[in-house]
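Q: One structure, as structure tokens, below. Some questions next.
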Amino acid sequence: MVELLQRNGCILKLFLALFLFLSLVEVPAVEARIRHYKWEVKYEYKSPDCFKKLVITINGRSPGPTILAQQGDTIIVELTNSLWTENVAIHWHGIRQIGTPWSDGSEGVTQCPIVPGDTFKYQFVVDRPGTYLYHAHYGMQREAGLYGSSV
């Protein structure tokens, strides 16, 4: 019986020492970041299917840049519409616009379109991990190359 109590006491001391050690070890915290992007939407001649045609690009790219973020990050996209004749609105699939409905990009519903020459700031928090899509929500711009992904 005495041996059992001594063994249990030793196990208890080891457990307490391990607990104390682990409580002193600093675990790095994951901090939410602000991810800021400046986009210019404009017409450019590209050859996505081996035939040169006018497409809509974001900073010269079509599809547009991939947004990399982690859960809790704040995304800020300052979008300047450099199209000559068209309005622009970007819709963010899968991103819940809790508290930021004006950043949803549903032109004419939750957001006024961005007219040529104007800049609009989209701002929202990534509230859950995943792979998402963004695309134009105005006319045929999505088919003309105005889309991209968010991871």
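Simple scheme: letters A, B, ... for chains in structure tokens order, numbers from 1 for residues in each chain, numbers from 1 for ligands in the order shown.
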Could you list, as a PDB file with N, CA and C atoms, in the first residue's frame, every residue within 9 Å of Cys112 of chain A, counting only C-alpha atoms and ignoring same-chain residues fewer than 4 positions away?
A:
ATOM      1  N   ALA A  89     -18.647  46.340 -60.546  1.00  0.00           N
ATOM      2  CA  ALA A  89     -18.958  45.901 -59.187  1.00  0.00           C
ATOM      3  C   ALA A  89     -18.401  44.489 -59.046  1.00  0.00           C
ATOM      4  N   TRP A 102     -22.470  46.662 -47.987  1.00  0.00           N
ATOM      5  CA  TRP A 102     -22.099  47.492 -49.136  1.00  0.00           C
ATOM      6  C   TRP A 102     -20.880  46.935 -49.870  1.00  0.00           C
ATOM      7  N   GLY A 105     -21.039  43.610 -53.444  1.00  0.00           N
ATOM      8  CA  GLY A 105     -20.821  43.709 -54.882  1.00  0.00           C
ATOM      9  C   GLY A 105     -22.024  43.408 -55.741  1.00  0.00           C
ATOM     10  N   SER A 106     -23.189  43.276 -55.141  1.00  0.00           N
ATOM     11  CA  SER A 106     -24.400  43.074 -55.940  1.00  0.00           C
ATOM     12  C   SER A 106     -24.871  44.437 -56.429  1.00  0.00           C
ATOM     13  N   GLU A 107     -24.412  44.802 -57.601  1.00  0.00           N
ATOM     14  CA  GLU A 107     -24.665  46.129 -58.168  1.00  0.00           C
ATOM     15  C   GLU A 107     -26.163  46.382 -58.280  1.00  0.00           C
ATOM     16  N   GLY A 108     -26.582  47.512 -57.771  1.00  0.00           N
ATOM     17  CA  GLY A 108     -27.988  47.876 -57.819  1.00  0.00           C
ATOM     18  C   GLY A 108     -28.806  47.304 -56.679  1.00  0.00           C
TER      19      GLY A 108
END
Q: Determine which residues of segment 23-107 of chain A DSSP labels as strand (DSSP E or B) from the backbone of this structure, then write them out as number ranges by chain.
A: A: 34-46, 53-58, 61, 67, 74-81, 88, 90-92, 107
Q: Include C-alpha atoms and write out the residues we just selected as a PDB file, in the first residue's frame.
A:
ATOM      1  CA  ILE A  34      -5.057  43.586 -42.570  1.00  0.00           C
ATOM      2  CA  ARG A  35      -4.421  42.662 -46.195  1.00  0.00           C
ATOM      3  CA  HIS A  36      -4.549  45.703 -48.433  1.00  0.00           C
ATOM      4  CA  TYR A  37      -4.785  45.558 -52.233  1.00  0.00           C
ATOM      5  CA  LYS A  38      -4.946  48.297 -54.866  1.00  0.00           C
ATOM      6  CA  TRP A  39      -6.589  47.171 -58.073  1.00  0.00           C
ATOM      7  CA  GLU A  40      -7.006  48.961 -61.365  1.00  0.00           C
ATOM      8  CA  VAL A  41      -9.627  47.489 -63.672  1.00  0.00           C
ATOM      9  CA  LYS A  42      -9.029  48.316 -67.330  1.00  0.00           C
ATOM     10  CA  TYR A  43      -9.275  47.057 -70.894  1.00  0.00           C
ATOM     11  CA  GLU A  44      -6.239  45.335 -72.415  1.00  0.00           C
ATOM     12  CA  TYR A  45      -5.596  43.228 -75.476  1.00  0.00           C
ATOM     13  CA  LYS A  46      -4.734  39.657 -74.428  1.00  0.00           C
ATOM     14  CA  LYS A  53      -9.043  40.271 -78.125  1.00  0.00           C
ATOM     15  CA  LEU A  54     -10.044  42.995 -75.723  1.00  0.00           C
ATOM     16  CA  VAL A  55     -10.407  41.650 -72.175  1.00  0.00           C
ATOM     17  CA  ILE A  56     -10.943  43.236 -68.780  1.00  0.00           C
ATOM     18  CA  THR A  57      -7.985  42.922 -66.417  1.00  0.00           C
ATOM     19  CA  ILE A  58      -7.121  43.632 -62.808  1.00  0.00           C
ATOM     20  CA  ARG A  61      -4.011  40.160 -65.191  1.00  0.00           C
ATOM     21  CA  ILE A  67      -6.194  36.924 -52.537  1.00  0.00           C
ATOM     22  CA  THR A  74      -9.495  41.972 -42.852  1.00  0.00           C
ATOM     23  CA  ILE A  75      -9.386  42.345 -46.621  1.00  0.00           C
ATOM     24  CA  ILE A  76      -9.283  45.842 -48.100  1.00  0.00           C
ATOM     25  CA  VAL A  77      -9.455  46.185 -51.875  1.00  0.00           C
ATOM     26  CA  GLU A  78      -9.295  49.685 -53.323  1.00  0.00           C
ATOM     27  CA  LEU A  79     -10.687  49.229 -56.815  1.00  0.00           C
ATOM     28  CA  THR A  80     -10.261  51.956 -59.431  1.00  0.00           C
ATOM     29  CA  ASN A  81     -12.469  51.679 -62.498  1.00  0.00           C
ATOM     30  CA  VAL A  88     -17.893  47.863 -62.276  1.00  0.00           C
ATOM     31  CA  ILE A  90     -17.181  42.875 -57.674  1.00  0.00           C
ATOM     32  CA  HIS A  91     -19.117  40.117 -55.900  1.00  0.00           C
ATOM     33  CA  TRP A  92     -17.315  37.916 -53.369  1.00  0.00           C
ATOM     34  CA  GLU A 107     -24.665  46.129 -58.168  1.00  0.00           C
TER      35      GLU A 107
END
Q: Which residue out of A:Gly94, A:Asn87, A:Tyr147, A:Leu133 has the minimum interatomic distance to Asp118 of chain A when only C-alpha atoms are used?
A: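 For Asp118 of chain A, the nearest of the given residues is A:Asn87.
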Q: Tell me, in Å to one decimal, how far atom CA of Gly72 of chain A is from atom CA of Pro129 of chain A.
A: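 Here the two named atoms are 9.0 Å from each other.
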